[in-house]
file run.txt (compact mmCIF, C-alpha atoms and all ligand atoms)
# COMPACT_ATOMS: atom_id res chain seq x y z
CA MET A 1 -13.92 -28.30 3.98
CA ARG A 2 -15.96 -25.32 5.26
CA THR A 3 -15.20 -22.01 6.92
CA GLN A 4 -17.14 -18.89 7.87
CA VAL A 5 -14.92 -16.42 5.97
CA LEU A 6 -12.68 -17.66 3.17
CA ILE A 7 -9.83 -15.24 2.46
CA ILE A 8 -8.07 -15.37 -0.90
CA GLY A 9 -4.56 -13.89 -0.57
CA GLY A 10 -1.98 -14.10 2.22
CA GLY A 11 -0.62 -10.57 1.92
CA PRO A 12 -1.14 -7.91 4.62
CA SER A 13 -4.84 -7.46 3.81
CA GLY A 14 -5.76 -11.13 4.03
CA LEU A 15 -3.63 -11.84 7.08
CA LEU A 16 -4.84 -8.80 9.04
CA LEU A 17 -8.49 -9.62 8.31
CA SER A 18 -7.93 -13.25 9.32
CA GLN A 19 -6.26 -12.25 12.59
CA LEU A 20 -8.95 -9.69 13.49
CA LEU A 21 -11.83 -12.11 12.80
CA ASP A 22 -10.06 -14.90 14.67
CA LYS A 23 -9.94 -12.71 17.80
CA LYS A 24 -13.74 -12.49 17.58
CA GLY A 25 -14.03 -16.26 17.33
CA ILE A 26 -14.93 -16.21 13.65
CA ASP A 27 -13.45 -19.07 11.63
CA THR A 28 -11.32 -18.12 8.61
CA LEU A 29 -9.12 -19.90 6.10
CA VAL A 30 -6.49 -18.18 3.92
CA LEU A 31 -5.54 -19.39 0.44
CA GLU A 32 -2.14 -18.11 -0.76
CA ARG A 33 -0.71 -18.75 -4.24
CA LYS A 34 2.94 -18.42 -3.19
CA THR A 35 5.08 -19.62 -0.29
CA ARG A 36 5.42 -17.64 2.93
CA ASP A 37 9.07 -16.91 2.10
CA TYR A 38 8.14 -15.57 -1.34
CA VAL A 39 5.51 -13.25 0.13
CA LEU A 40 8.05 -12.00 2.66
CA SER A 41 10.69 -11.44 -0.01
CA ARG A 42 8.69 -8.63 -1.62
CA ILE A 43 9.94 -5.17 -0.52
CA ARG A 44 7.01 -2.75 -0.56
CA ALA A 45 5.51 -0.13 1.71
CA GLY A 46 7.17 1.61 4.60
CA ILE A 47 4.78 4.22 6.03
CA LEU A 48 1.81 3.37 8.27
CA GLU A 49 -1.07 5.68 9.15
CA GLN A 50 -2.31 5.61 12.74
CA GLY A 51 -5.40 3.72 11.52
CA PHE A 52 -3.21 0.82 10.43
CA VAL A 53 -1.28 0.94 13.72
CA GLN A 54 -4.56 0.80 15.68
CA LEU A 55 -5.77 -2.20 13.67
CA MET A 56 -2.47 -4.03 14.34
CA ARG A 57 -2.90 -3.30 18.05
CA GLU A 58 -6.54 -4.48 17.97
CA ALA A 59 -5.31 -7.63 16.23
CA GLY A 60 -2.76 -8.16 19.03
CA VAL A 61 0.14 -8.04 16.56
CA SER A 62 1.80 -4.74 17.41
CA SER A 63 4.44 -5.50 20.07
CA ARG A 64 7.46 -5.68 17.70
CA MET A 65 6.14 -2.76 15.64
CA ASP A 66 5.67 -0.63 18.78
CA LYS A 67 9.23 -1.50 19.85
CA GLU A 68 11.08 -1.17 16.54
CA CYS A 69 9.18 1.39 14.49
CA PHE A 70 10.19 5.01 13.91
CA VAL A 71 7.65 7.72 14.63
CA HIS A 72 7.91 10.62 12.20
CA ASP A 73 6.39 14.03 12.97
CA GLY A 74 7.02 15.40 9.50
CA THR A 75 8.73 15.12 6.14
CA VAL A 76 11.03 17.21 3.97
CA ILE A 77 9.89 18.36 0.54
CA ALA A 78 12.71 19.53 -1.74
CA SER A 79 12.88 21.11 -5.16
CA GLY A 80 16.41 21.51 -6.51
CA GLU A 81 18.36 23.19 -3.68
CA GLU A 82 15.15 24.52 -2.09
CA GLN A 83 13.68 22.53 0.81
CA PHE A 84 10.97 22.91 3.44
CA ARG A 85 9.38 20.70 6.06
CA ILE A 86 5.74 19.72 6.52
CA ASP A 87 5.05 19.21 10.23
CA PHE A 88 2.36 16.51 10.43
CA THR A 89 2.01 16.63 14.21
CA GLU A 90 1.78 20.43 14.38
CA HIS A 91 -1.02 20.46 11.78
CA THR A 92 -2.91 17.29 12.75
CA GLY A 93 -1.71 16.17 16.18
CA THR A 94 -0.78 12.87 14.49
CA PRO A 95 2.58 11.46 13.37
CA VAL A 96 3.14 8.58 10.96
CA VAL A 97 4.90 5.31 11.74
CA VAL A 98 7.81 3.91 9.71
CA TYR A 99 7.70 0.10 9.78
CA GLY A 100 8.27 -2.00 6.66
CA GLN A 101 5.44 -3.98 5.10
CA THR A 102 7.76 -6.99 5.08
CA GLU A 103 8.08 -6.84 8.87
CA LEU A 104 4.38 -6.35 9.57
CA THR A 105 3.54 -9.22 7.19
CA ARG A 106 6.06 -11.38 9.05
CA ASP A 107 4.43 -10.41 12.36
CA LEU A 108 1.01 -11.30 10.96
CA TYR A 109 2.23 -14.69 9.72
CA ASP A 110 3.79 -15.42 13.12
CA ALA A 111 0.54 -14.44 14.87
CA ARG A 112 -1.59 -16.61 12.59
CA GLU A 113 0.69 -19.59 13.17
CA ALA A 114 0.69 -19.03 16.95
CA ALA A 115 -3.14 -18.96 16.86
CA GLY A 116 -3.32 -22.10 14.75
CA GLY A 117 -4.72 -20.10 11.84
CA LYS A 118 -5.45 -22.10 8.69
CA ILE A 119 -3.33 -20.98 5.71
CA ILE A 120 -2.90 -23.13 2.61
CA PHE A 121 0.15 -22.08 0.56
CA GLU A 122 0.99 -22.73 -3.09
CA VAL A 123 -2.61 -23.13 -4.18
CA GLU A 124 -3.37 -23.08 -7.90
CA GLY A 125 -6.36 -22.40 -10.11
CA VAL A 126 -8.50 -20.70 -7.46
CA GLU A 127 -12.05 -20.18 -8.73
CA ILE A 128 -14.95 -18.50 -6.98
CA HIS A 129 -18.43 -20.03 -7.37
CA ASP A 130 -21.98 -18.94 -6.44
CA ALA A 131 -20.82 -15.63 -4.98
CA ARG A 132 -24.35 -14.28 -5.53
CA THR A 133 -25.90 -16.97 -3.32
CA ASP A 134 -25.77 -17.53 0.45
CA LYS A 135 -23.67 -20.66 -0.19
CA PRO A 136 -20.57 -19.47 -2.06
CA TYR A 137 -17.62 -21.78 -2.49
CA VAL A 138 -14.13 -21.87 -3.92
CA THR A 139 -12.32 -24.59 -5.86
CA PHE A 140 -8.56 -24.84 -6.28
CA SER A 141 -5.81 -27.41 -6.54
CA LYS A 142 -3.04 -28.13 -4.08
CA ASP A 143 -0.25 -30.59 -4.96
CA GLY A 144 -2.30 -31.62 -7.97
CA VAL A 145 -5.37 -32.49 -5.90
CA GLU A 146 -8.61 -30.62 -6.69
CA GLN A 147 -10.25 -29.19 -3.55
CA ARG A 148 -13.42 -27.32 -2.60
CA ILE A 149 -14.09 -25.04 0.36
CA ASP A 150 -17.61 -23.86 1.23
CA ALA A 151 -17.95 -20.55 3.06
CA ASP A 152 -20.47 -18.02 4.32
CA TYR A 153 -18.42 -15.11 2.93
CA ILE A 154 -15.39 -14.69 0.64
CA ALA A 155 -12.82 -11.86 1.03
CA GLY A 156 -10.84 -11.18 -2.14
CA CYS A 157 -7.49 -10.01 -0.75
CA ASP A 158 -5.47 -11.33 -3.68
CA GLY A 159 -3.95 -8.13 -5.00
CA PHE A 160 -4.03 -6.48 -8.41
CA HIS A 161 -3.24 -9.67 -10.34
CA GLY A 162 -5.56 -11.88 -8.32
CA VAL A 163 -8.67 -13.79 -9.34
CA SER A 164 -11.27 -12.07 -7.15
CA ARG A 165 -11.84 -8.84 -9.10
CA GLN A 166 -12.01 -10.86 -12.33
CA SER A 167 -14.79 -12.96 -10.77
CA ILE A 168 -17.16 -9.97 -10.86
CA PRO A 169 -18.83 -9.89 -14.30
CA LEU A 170 -17.47 -7.25 -16.69
CA ASP A 171 -20.95 -5.77 -17.18
CA VAL A 172 -21.15 -5.16 -13.42
CA ARG A 173 -17.63 -3.80 -12.87
CA ARG A 174 -16.69 -0.17 -13.60
CA GLU A 175 -12.91 0.32 -13.75
CA TYR A 176 -10.98 3.60 -13.62
CA GLU A 177 -7.29 3.68 -14.49
CA LYS A 178 -4.41 6.06 -15.08
CA ILE A 179 -0.99 4.69 -16.06
CA TYR A 180 1.95 7.01 -15.31
CA PRO A 181 4.69 7.29 -17.97
CA PHE A 182 7.48 6.33 -15.56
CA GLY A 183 8.36 3.88 -12.79
CA TRP A 184 10.20 3.90 -9.48
CA LEU A 185 13.58 2.21 -9.24
CA GLY A 186 13.97 1.28 -5.58
CA ILE A 187 16.95 -0.05 -3.66
CA LEU A 188 17.47 -1.29 -0.15
CA SER A 189 20.94 -0.76 1.36
CA GLU A 190 22.44 -1.57 4.77
CA THR A 191 23.49 2.04 5.28
CA PRO A 192 22.33 4.68 7.76
CA PRO A 193 19.50 6.88 6.47
CA VAL A 194 20.69 10.21 5.03
CA HIS A 195 18.17 12.09 7.25
CA HIS A 196 16.00 11.22 10.25
CA GLU A 197 12.82 11.92 8.23
CA LEU A 198 11.81 11.17 4.63
CA ILE A 199 12.92 13.48 1.84
CA TYR A 200 10.61 13.79 -1.20
CA SER A 201 12.57 15.59 -3.94
CA ALA A 202 11.47 17.09 -7.24
CA SER A 203 14.31 17.94 -9.60
CA GLU A 204 14.70 18.72 -13.29
CA ARG A 205 16.14 15.22 -13.62
CA GLY A 206 13.11 13.63 -11.99
CA PHE A 207 11.72 12.51 -8.63
CA SER A 208 13.64 10.88 -5.79
CA LEU A 209 12.69 9.68 -2.31
CA CYS A 210 14.89 8.97 0.68
CA SER A 211 13.24 6.62 3.14
CA MET A 212 14.34 3.99 5.63
CA ARG A 213 13.47 0.84 7.56
CA ASN A 214 15.78 1.20 10.60
CA ASP A 215 19.01 2.91 11.72
CA ASN A 216 21.05 0.81 9.32
CA LEU A 217 18.64 -0.04 6.54
CA SER A 218 17.77 2.66 4.02
CA ARG A 219 15.23 2.63 1.21
CA TYR A 220 15.81 4.96 -1.75
CA TYR A 221 13.84 5.51 -4.95
CA ILE A 222 14.41 7.43 -8.17
CA GLN A 223 11.91 8.01 -10.97
CA CYS A 224 12.98 5.97 -13.98
CA SER A 225 11.86 5.17 -17.50
CA LEU A 226 9.37 2.34 -17.97
CA SER A 227 11.83 0.87 -20.47
CA ASP A 228 14.51 0.56 -17.77
CA SER A 229 15.31 -2.67 -16.02
CA PRO A 230 17.16 -2.99 -12.69
CA SER A 231 20.16 -4.45 -14.54
CA ASP A 232 20.54 -1.14 -16.41
CA TRP A 233 21.38 0.52 -13.08
CA SER A 234 24.62 -0.40 -11.34
CA ASP A 235 24.73 0.65 -7.71
CA GLN A 236 27.18 3.42 -8.62
CA LEU A 237 24.90 4.74 -11.38
CA PHE A 238 22.00 4.74 -8.91
CA TRP A 239 23.88 6.57 -6.14
CA ASP A 240 25.25 9.17 -8.56
CA GLU A 241 21.77 9.87 -9.95
CA LEU A 242 20.16 9.98 -6.53
CA LYS A 243 22.70 12.59 -5.40
CA ARG A 244 21.90 14.75 -8.43
CA ARG A 245 18.23 14.75 -7.48
CA MET A 246 18.46 15.92 -3.88
CA PRO A 247 19.71 19.12 -2.20
CA SER A 248 23.52 19.05 -1.98
CA ALA A 249 23.30 19.44 1.80
CA TYR A 250 22.00 15.86 1.89
CA ALA A 251 23.89 14.53 -1.14
CA ASP A 252 27.19 15.48 0.50
CA LYS A 253 26.47 13.29 3.52
CA LEU A 254 24.76 10.38 1.79
CA VAL A 255 26.30 7.08 2.92
CA THR A 256 26.28 4.69 -0.02
CA GLY A 257 26.78 0.95 -0.05
CA PRO A 258 25.88 -2.23 -1.95
CA SER A 259 22.18 -2.71 -2.74
CA ILE A 260 20.63 -5.77 -1.12
CA GLU A 261 17.47 -5.39 -3.19
CA LYS A 262 16.84 -3.53 -6.43
CA SER A 263 13.49 -3.44 -8.27
CA ILE A 264 11.33 -1.28 -10.50
CA ALA A 265 7.64 -0.69 -9.70
CA PRO A 266 5.32 0.72 -12.37
CA LEU A 267 3.00 3.52 -11.22
CA ARG A 268 -0.71 3.44 -11.79
CA SER A 269 -3.95 4.75 -10.29
CA PHE A 270 -6.72 2.18 -10.43
CA VAL A 271 -10.13 1.66 -8.83
CA THR A 272 -12.79 -0.95 -9.50
CA GLU A 273 -16.42 -0.41 -8.49
CA PRO A 274 -18.31 -1.99 -6.80
CA MET A 275 -16.10 -3.71 -4.21
CA ARG A 276 -18.84 -6.22 -3.37
CA TRP A 277 -20.52 -8.88 -5.49
CA GLY A 278 -23.00 -10.88 -3.46
CA ARG A 279 -20.96 -12.53 -0.72
CA LEU A 280 -17.60 -11.67 -2.32
CA PHE A 281 -15.87 -8.58 -0.90
CA LEU A 282 -12.74 -7.06 -2.50
CA CYS A 283 -10.05 -5.56 -0.22
CA GLY A 284 -6.76 -3.74 -0.80
CA ASP A 285 -4.88 -4.04 -4.06
CA ALA A 286 -7.52 -6.44 -5.41
CA ALA A 287 -9.79 -3.39 -5.71
CA HIS A 288 -7.49 -0.36 -6.01
CA ILE A 289 -3.94 0.74 -6.69
CA VAL A 290 -2.27 4.10 -6.04
CA PRO A 291 1.13 5.42 -7.11
CA PRO A 292 3.31 5.00 -3.96
CA THR A 293 4.12 8.74 -3.81
CA GLY A 294 1.53 9.38 -1.09
CA ALA A 295 2.30 6.16 0.84
CA LYS A 296 -1.38 5.19 0.57
CA GLY A 297 -1.28 1.69 -0.94
CA LEU A 298 -1.05 -0.33 2.22
CA ASN A 299 -3.01 2.28 4.19
CA THR A 300 -6.09 2.11 1.98
CA ALA A 301 -5.96 -1.67 2.36
CA ALA A 302 -6.20 -1.03 6.12
CA SER A 303 -9.37 1.06 5.90
CA ASP A 304 -10.98 -1.59 3.67
CA ILE A 305 -10.14 -4.19 6.31
CA HIS A 306 -11.56 -1.95 9.04
CA TYR A 307 -14.92 -1.61 7.25
CA LEU A 308 -15.13 -5.28 6.23
CA TYR A 309 -14.04 -6.61 9.62
CA HIS A 310 -16.76 -4.65 11.45
CA GLY A 311 -19.32 -5.52 8.77
CA LEU A 312 -18.60 -9.25 9.03
CA VAL A 313 -18.59 -9.24 12.85
CA ASP A 314 -21.99 -7.45 12.92
CA ALA A 315 -23.44 -9.82 10.32
CA ILE A 316 -22.07 -13.07 11.76
CA LEU A 317 -22.38 -12.35 15.49
CA GLU A 318 -25.41 -10.00 15.53
CA GLY A 319 -27.25 -10.75 12.29
CA ASP A 320 -26.92 -7.06 11.35
CA ASN A 321 -26.05 -6.70 7.64
CA GLU A 322 -25.86 -2.90 7.42
CA GLY A 323 -22.06 -2.81 7.57
CA LEU A 324 -21.75 -5.31 4.71
CA ASP A 325 -24.47 -3.58 2.71
CA ARG A 326 -22.60 -0.26 3.01
CA TYR A 327 -19.07 -1.73 2.69
CA SER A 328 -18.44 -0.81 -0.93
CA GLU A 329 -19.86 2.71 -0.55
CA LYS A 330 -17.85 3.47 2.61
CA ALA A 331 -14.59 1.93 1.38
CA LEU A 332 -14.77 3.70 -1.99
CA ALA A 333 -15.52 7.09 -0.39
CA ARG A 334 -12.17 6.96 1.44
CA ILE A 335 -10.30 5.27 -1.45
CA TRP A 336 -11.14 8.04 -3.92
CA LYS A 337 -9.73 10.66 -1.51
CA ALA A 338 -6.52 8.63 -1.26
CA GLU A 339 -6.44 8.27 -5.07
CA ARG A 340 -6.71 12.05 -5.41
CA PHE A 341 -3.94 12.72 -2.89
CA SER A 342 -1.62 10.11 -4.47
CA TRP A 343 -2.28 11.57 -7.95
CA TRP A 344 -1.66 15.10 -6.62
CA MET A 345 1.66 14.16 -4.90
CA THR A 346 2.78 12.29 -8.05
CA SER A 347 1.83 15.20 -10.35
CA LEU A 348 3.58 17.66 -8.03
CA LEU A 349 6.92 15.88 -7.73
CA HIS A 350 7.61 13.99 -10.97
CA ARG A 351 8.79 15.13 -14.39
CA PHE A 352 6.37 14.06 -17.15
CA PRO A 353 7.77 13.52 -20.67
CA ASP A 354 5.01 15.62 -22.26
CA GLN A 355 5.32 18.63 -19.90
CA ASN A 356 5.70 21.97 -21.71
CA ASP A 357 7.11 25.19 -20.18
CA PHE A 358 3.70 26.24 -18.93
CA ASP A 359 3.19 22.88 -17.19
CA LEU A 360 6.57 23.29 -15.49
CA LYS A 361 5.57 26.76 -14.31
CA MET A 362 2.34 25.38 -12.86
CA GLN A 363 4.27 22.64 -11.04
CA GLY A 364 6.70 25.21 -9.66
CA ALA A 365 3.85 27.49 -8.53
CA GLU A 366 2.11 24.57 -6.78
CA LEU A 367 5.32 23.76 -4.88
CA THR A 368 5.89 27.44 -3.98
CA PHE A 369 2.30 27.72 -2.74
CA LEU A 370 2.74 24.60 -0.61
CA GLN A 371 6.00 25.98 0.78
CA SER A 372 4.49 29.36 1.68
CA ASN A 373 0.90 28.60 2.71
CA ARG A 374 0.05 27.21 6.12
CA GLU A 375 -3.39 25.94 5.08
CA ALA A 376 -1.93 24.17 2.06
CA GLN A 377 0.58 22.45 4.33
CA SER A 378 -2.20 21.52 6.76
CA ALA A 379 -4.22 19.96 3.92
CA MET A 380 -1.19 17.97 2.78
CA ALA A 381 -0.49 16.83 6.35
CA GLN A 382 -4.12 15.72 6.92
CA ASN A 383 -4.00 13.57 3.79
CA TYR A 384 -0.55 12.16 4.48
CA VAL A 385 -1.26 11.06 8.09
CA GLY A 386 -4.55 9.57 6.88
CA LEU A 387 -8.10 10.90 6.59
CA PRO A 388 -10.63 9.52 9.10
CA TYR A 389 -12.10 6.05 8.54
P1 LIG V 401 -0.80 -7.94 -1.95
O1 LIG V 401 -0.59 -7.86 -3.44
O2 LIG V 401 0.29 -7.48 -1.03
O3 LIG V 401 -1.12 -9.45 -1.52
C1 LIG V 401 -1.96 -10.25 -2.33
C2 LIG V 401 -1.58 -11.71 -2.05
O4 LIG V 401 -2.50 -12.54 -2.78
C3 LIG V 401 -0.19 -12.04 -2.55
O5 LIG V 401 0.54 -12.68 -1.53
C4 LIG V 401 -0.43 -12.96 -3.75
O6 LIG V 401 0.57 -13.97 -3.87
C5 LIG V 401 -1.77 -13.58 -3.41
N1 LIG V 401 -2.54 -14.02 -4.58
C6 LIG V 401 -2.67 -13.39 -5.77
N2 LIG V 401 -3.48 -14.11 -6.59
C7 LIG V 401 -3.88 -15.21 -5.87
C8 LIG V 401 -4.72 -16.33 -6.16
N3 LIG V 401 -5.31 -16.44 -7.34
N4 LIG V 401 -4.89 -17.27 -5.21
C9 LIG V 401 -4.27 -17.14 -3.99
N5 LIG V 401 -3.47 -16.11 -3.65
C10 LIG V 401 -3.28 -15.16 -4.59
N6 LIG V 401 2.49 0.85 -1.00
C11 LIG V 401 2.99 1.87 -0.26
O7 LIG V 401 2.25 2.43 0.58
N7 LIG V 401 4.30 2.28 -0.42
C12 LIG V 401 5.16 1.66 -1.32
O8 LIG V 401 6.31 2.03 -1.45
C13 LIG V 401 4.67 0.59 -2.09
N8 LIG V 401 5.51 -0.05 -2.98
C14 LIG V 401 4.99 -1.07 -3.75
C15 LIG V 401 5.80 -1.76 -4.71
C16 LIG V 401 5.27 -2.78 -5.50
C17 LIG V 401 6.14 -3.49 -6.52
C18 LIG V 401 3.91 -3.14 -5.37
C19 LIG V 401 3.30 -4.23 -6.25
C20 LIG V 401 3.10 -2.47 -4.43
C21 LIG V 401 3.64 -1.45 -3.61
N9 LIG V 401 2.86 -0.79 -2.66
C22 LIG V 401 3.32 0.22 -1.90
C23 LIG V 401 1.51 -1.15 -2.44
C24 LIG V 401 1.51 -2.37 -1.55
O9 LIG V 401 2.15 -2.08 -0.34
C25 LIG V 401 0.08 -2.80 -1.43
O10 LIG V 401 -0.76 -1.72 -1.12
C26 LIG V 401 -0.10 -3.90 -0.42
O11 LIG V 401 0.77 -4.95 -0.75
C27 LIG V 401 -1.57 -4.31 -0.45
O12 LIG V 401 -1.68 -5.48 0.24
P2 LIG V 401 -2.71 -6.61 -0.24
O13 LIG V 401 -4.01 -5.98 -0.56
O14 LIG V 401 -2.63 -7.68 0.81
O15 LIG V 401 -2.15 -7.15 -1.66
C1 LIG V 402 9.03 3.40 1.54
O1 LIG V 402 9.69 3.60 2.58
O2 LIG V 402 9.12 2.35 0.88
C2 LIG V 402 8.11 4.49 1.04
C3 LIG V 402 7.89 5.61 1.84
C4 LIG V 402 7.03 6.60 1.39
C5 LIG V 402 6.43 6.47 0.15
C6 LIG V 402 6.66 5.34 -0.65
C7 LIG V 402 7.51 4.34 -0.19
O3 LIG V 402 5.61 7.46 -0.32
call {"tool": "encode", "arguments": {"input": "run.txt", "output": "structure tokens", "more": "lines below"}}
Ligand code: FAS
Ligand code: PHB
result
Amino acid sequence: MRTQVLIIGGGPSGLLLSQLLDKKGIDTLVLERKTRDYVLSRIRAGILEQGFVQLMREAGVSSRMDKECFVHDGTVIASGEEQFRIDFTEHTGTPVVVYGQTELTRDLYDAREAAGGKIIFEVEGVEIHDARTDKPYVTFSKDGVEQRIDADYIAGCDGFHGVSRQSIPLDVRREYEKIYPFGWLGILSETPPVHHELIYSASERGFSLCSMRNDNLSRYYIQCSLSDSPSDWSDQLFWDELKRRMPSAYADKLVTGPSIEKSIAPLRSFVTEPMRWGRLFLCGDAAHIVPPTGAKGLNTAASDIHYLYHGLVDAILEGDNEGLDRYSEKALARIWKAERFSWWMTSLLHRFPDQNDFDLKMQGAELTFLQSNREAQSAMAQNYVGLPY
């Protein structure tokens, strides 16, 4: 088999790239380790920057999102009983969109199927060969049969635990990592959101976040210990702890109900450089991870896809390689700004086990400065709605 662009990974990065290239008449093939249902069972991101929304529109996959999404002009930041609002639209002219990653991935799968896109599920043992030549190829097995696909380019969209990043030699890769000493316990409940916008709360008991997916599907998170497991947290224990970590004005009107999903995500900051190795290009979580506090994970995958999509179109249709030659440099420039913002939001709102009284005073002063300074709020808003591509 042969294709122009082989995409490893059928998550949002791989599917969006495949759909965008297909609309330009460029042949792609997606290799996915799991089943479609498994991919869609993972509950992840919820906030989209306008850049992501524009890419979904350009890909012709935005009609359900445009109909069903929420548009948020701001967010609440709370500390104990104190709370204030950051107005994104006032500071930047741009809102954010609330539309679950699960739904946009479903829309992308439906679009690929409608377009006759080639996706091979449940592949095993994917290996990348000759990435440094102009004839790269991939081998893998499917239903026990060894297969090979030759390509002009390979996009590694296979997430943090994928094979693509590992295919770049260790003496070429430079990796940067910070592991946070806590996780996020998240639940999904068929209950009305406690507030019409998100509420990021810092409390002496730890961080919490109130988010949503629609008028009757809420997403809540609390900071938890890395030694916790979801089974340690009954629904009642979760609801009681969440209420302790938000202003009582919201806790008193929180509608609780049975969790329909409960999981713990570890928090890390991670970047690998470079994001290109010959004709292999890394995108999204395959190249970088952020703590979800700044809602940047999925949105940095989008800017990678933007740069790679335009680079591949210019190279394949015009013979102009500048976009591909500058891909890693341009993608990393924006990624590091998102890493900084995600680290800053996480440091601002979480309790760290090794914090001393001075550290707590610094955290409190940072929050008070953000609450009282218009320029600080403008800087936070610019980062949250998404810095330019
Ligand atoms: P993904 O990991 O989504 O997709 C990679 C795909 O490649 C997967 O389907 C995988 O099965 C496949 N794959 C892996 N290895 C393969 C191989 N060898 N061969 C073939 N296929 C292979 N971001 C936010 O903004 N907010 C959040 O709240 C948030 N919560 C998260 C919670 C968790 C538990 C995780 C892990 C991430 C979370 N993220 C969040 C970040 C998340 O949304 C990612 O940024 C987003 O999924 C990135 O998409 P992809 O780059 O497509 O990677
Ligand atoms: C979510 O709705 O899942 C969500 C929202 C904002 C974040 C992280 C997760 O910062």
call {"tool": "closest_atom_pairs", "arguments": {"input": "run.txt", "of": "range 35-138 of chain A", "to": "range 303-314 of chain A", "cutoff": "12 Å", "atoms": "all atoms listed in the file", "output": "JSON lines"}}
result
{"residue": "A:Leu48", "atom": "CA", "partner": "A:Ser303", "partner_atom": "CA", "distance": 11.7}
{"residue": "A:Glu49", "atom": "CA", "partner": "A:Ser303", "partner_atom": "CA", "distance": 10.0}
{"residue": "A:Gln50", "atom": "CA", "partner": "A:Ser303", "partner_atom": "CA", "distance": 10.8}
{"residue": "A:Gly51", "atom": "CA", "partner": "A:Ser303", "partner_atom": "CA", "distance": 7.4}
{"residue": "A:Phe52", "atom": "CA", "partner": "A:Ser303", "partner_atom": "CA", "distance": 7.7}
{"residue": "A:Val53", "atom": "CA", "partner": "A:Ser303", "partner_atom": "CA", "distance": 11.3}
{"residue": "A:Gln54", "atom": "CA", "partner": "A:His306", "partner_atom": "CA", "distance": 10.0}
{"residue": "A:Leu55", "atom": "CA", "partner": "A:His306", "partner_atom": "CA", "distance": 7.4}
{"residue": "A:Met56", "atom": "CA", "partner": "A:His306", "partner_atom": "CA", "distance": 10.7}
{"residue": "A:Glu58", "atom": "CA", "partner": "A:His306", "partner_atom": "CA", "distance": 10.6}
{"residue": "A:Ala59", "atom": "CA", "partner": "A:Tyr309", "partner_atom": "CA", "distance": 11.0}
call {"tool": "closest_residue", "arguments": {"input": "run.txt", "among": "A:Glu190, A:Glu273, A:Glu197, A:Glu177", "to": "ligand LIG 402 (chain V)", "atoms": "only C-alpha atoms and all ligand atoms"}}
result
A:Glu197
call {"tool": "closest_residue", "arguments": {"input": "run.txt", "among": "A:Tyr153, A:Trp336, A:Phe207, A:Phe160", "to": "ligand LIG 402 (chain V)", "atoms": "all atoms listed in the file"}}
result
A:Phe207
call {"tool": "atom_distance", "arguments": {"input": "run.txt", "atom1": "CA of Gly14 in chain A", "atom2": "CA of Glu322 in chain A"}}
result
22.0 Å
call {"tool": "residues_around", "arguments": {"input": "run.txt", "residues": "range 245-257 of chain A", "least_positions_apart": "2", "cutoff": "12 Å", "atoms": "only C-alpha atoms", "output": "PyMOL selection string"}}
result
chain A and resi 76-84+187-210+216-223+234-243+259-261+349-351
call {"tool": "write_last_selection", "arguments": {"input": "run.txt", "atoms": "C-alpha atoms", "output": "compact mmCIF listing (two decimals), in the frame of the given file"}}
result
# COMPACT_ATOMS: atom_id res chain seq x y z
CA VAL A 76 11.03 17.21 3.97
CA ILE A 77 9.89 18.36 0.54
CA ALA A 78 12.71 19.53 -1.74
CA SER A 79 12.88 21.11 -5.16
CA GLY A 80 16.41 21.51 -6.51
CA GLU A 81 18.36 23.19 -3.68
CA GLU A 82 15.15 24.52 -2.09
CA GLN A 83 13.68 22.53 0.81
CA PHE A 84 10.97 22.91 3.44
CA ILE A 187 16.95 -0.05 -3.66
CA LEU A 188 17.47 -1.29 -0.15
CA SER A 189 20.94 -0.76 1.36
CA GLU A 190 22.44 -1.57 4.77
CA THR A 191 23.49 2.04 5.28
CA PRO A 192 22.33 4.68 7.76
CA PRO A 193 19.50 6.88 6.47
CA VAL A 194 20.69 10.21 5.03
CA HIS A 195 18.17 12.09 7.25
CA HIS A 196 16.00 11.22 10.25
CA GLU A 197 12.82 11.92 8.23
CA LEU A 198 11.81 11.17 4.63
CA ILE A 199 12.92 13.48 1.84
CA TYR A 200 10.61 13.79 -1.20
CA SER A 201 12.57 15.59 -3.94
CA ALA A 202 11.47 17.09 -7.24
CA SER A 203 14.31 17.94 -9.60
CA GLU A 204 14.70 18.72 -13.29
CA ARG A 205 16.14 15.22 -13.62
CA GLY A 206 13.11 13.63 -11.99
CA PHE A 207 11.72 12.51 -8.63
CA SER A 208 13.64 10.88 -5.79
CA LEU A 209 12.69 9.68 -2.31
CA CYS A 210 14.89 8.97 0.68
CA ASN A 216 21.05 0.81 9.32
CA LEU A 217 18.64 -0.04 6.54
CA SER A 218 17.77 2.66 4.02
CA ARG A 219 15.23 2.63 1.21
CA TYR A 220 15.81 4.96 -1.75
CA TYR A 221 13.84 5.51 -4.95
CA ILE A 222 14.41 7.43 -8.17
CA GLN A 223 11.91 8.01 -10.97
CA SER A 234 24.62 -0.40 -11.34
CA ASP A 235 24.73 0.65 -7.71
CA GLN A 236 27.18 3.42 -8.62
CA LEU A 237 24.90 4.74 -11.38
CA PHE A 238 22.00 4.74 -8.91
CA TRP A 239 23.88 6.57 -6.14
CA ASP A 240 25.25 9.17 -8.56
CA GLU A 241 21.77 9.87 -9.95
CA LEU A 242 20.16 9.98 -6.53
CA LYS A 243 22.70 12.59 -5.40
CA SER A 259 22.18 -2.71 -2.74
CA ILE A 260 20.63 -5.77 -1.12
CA GLU A 261 17.47 -5.39 -3.19
CA LEU A 349 6.92 15.88 -7.73
CA HIS A 350 7.61 13.99 -10.97
CA ARG A 351 8.79 15.13 -14.39
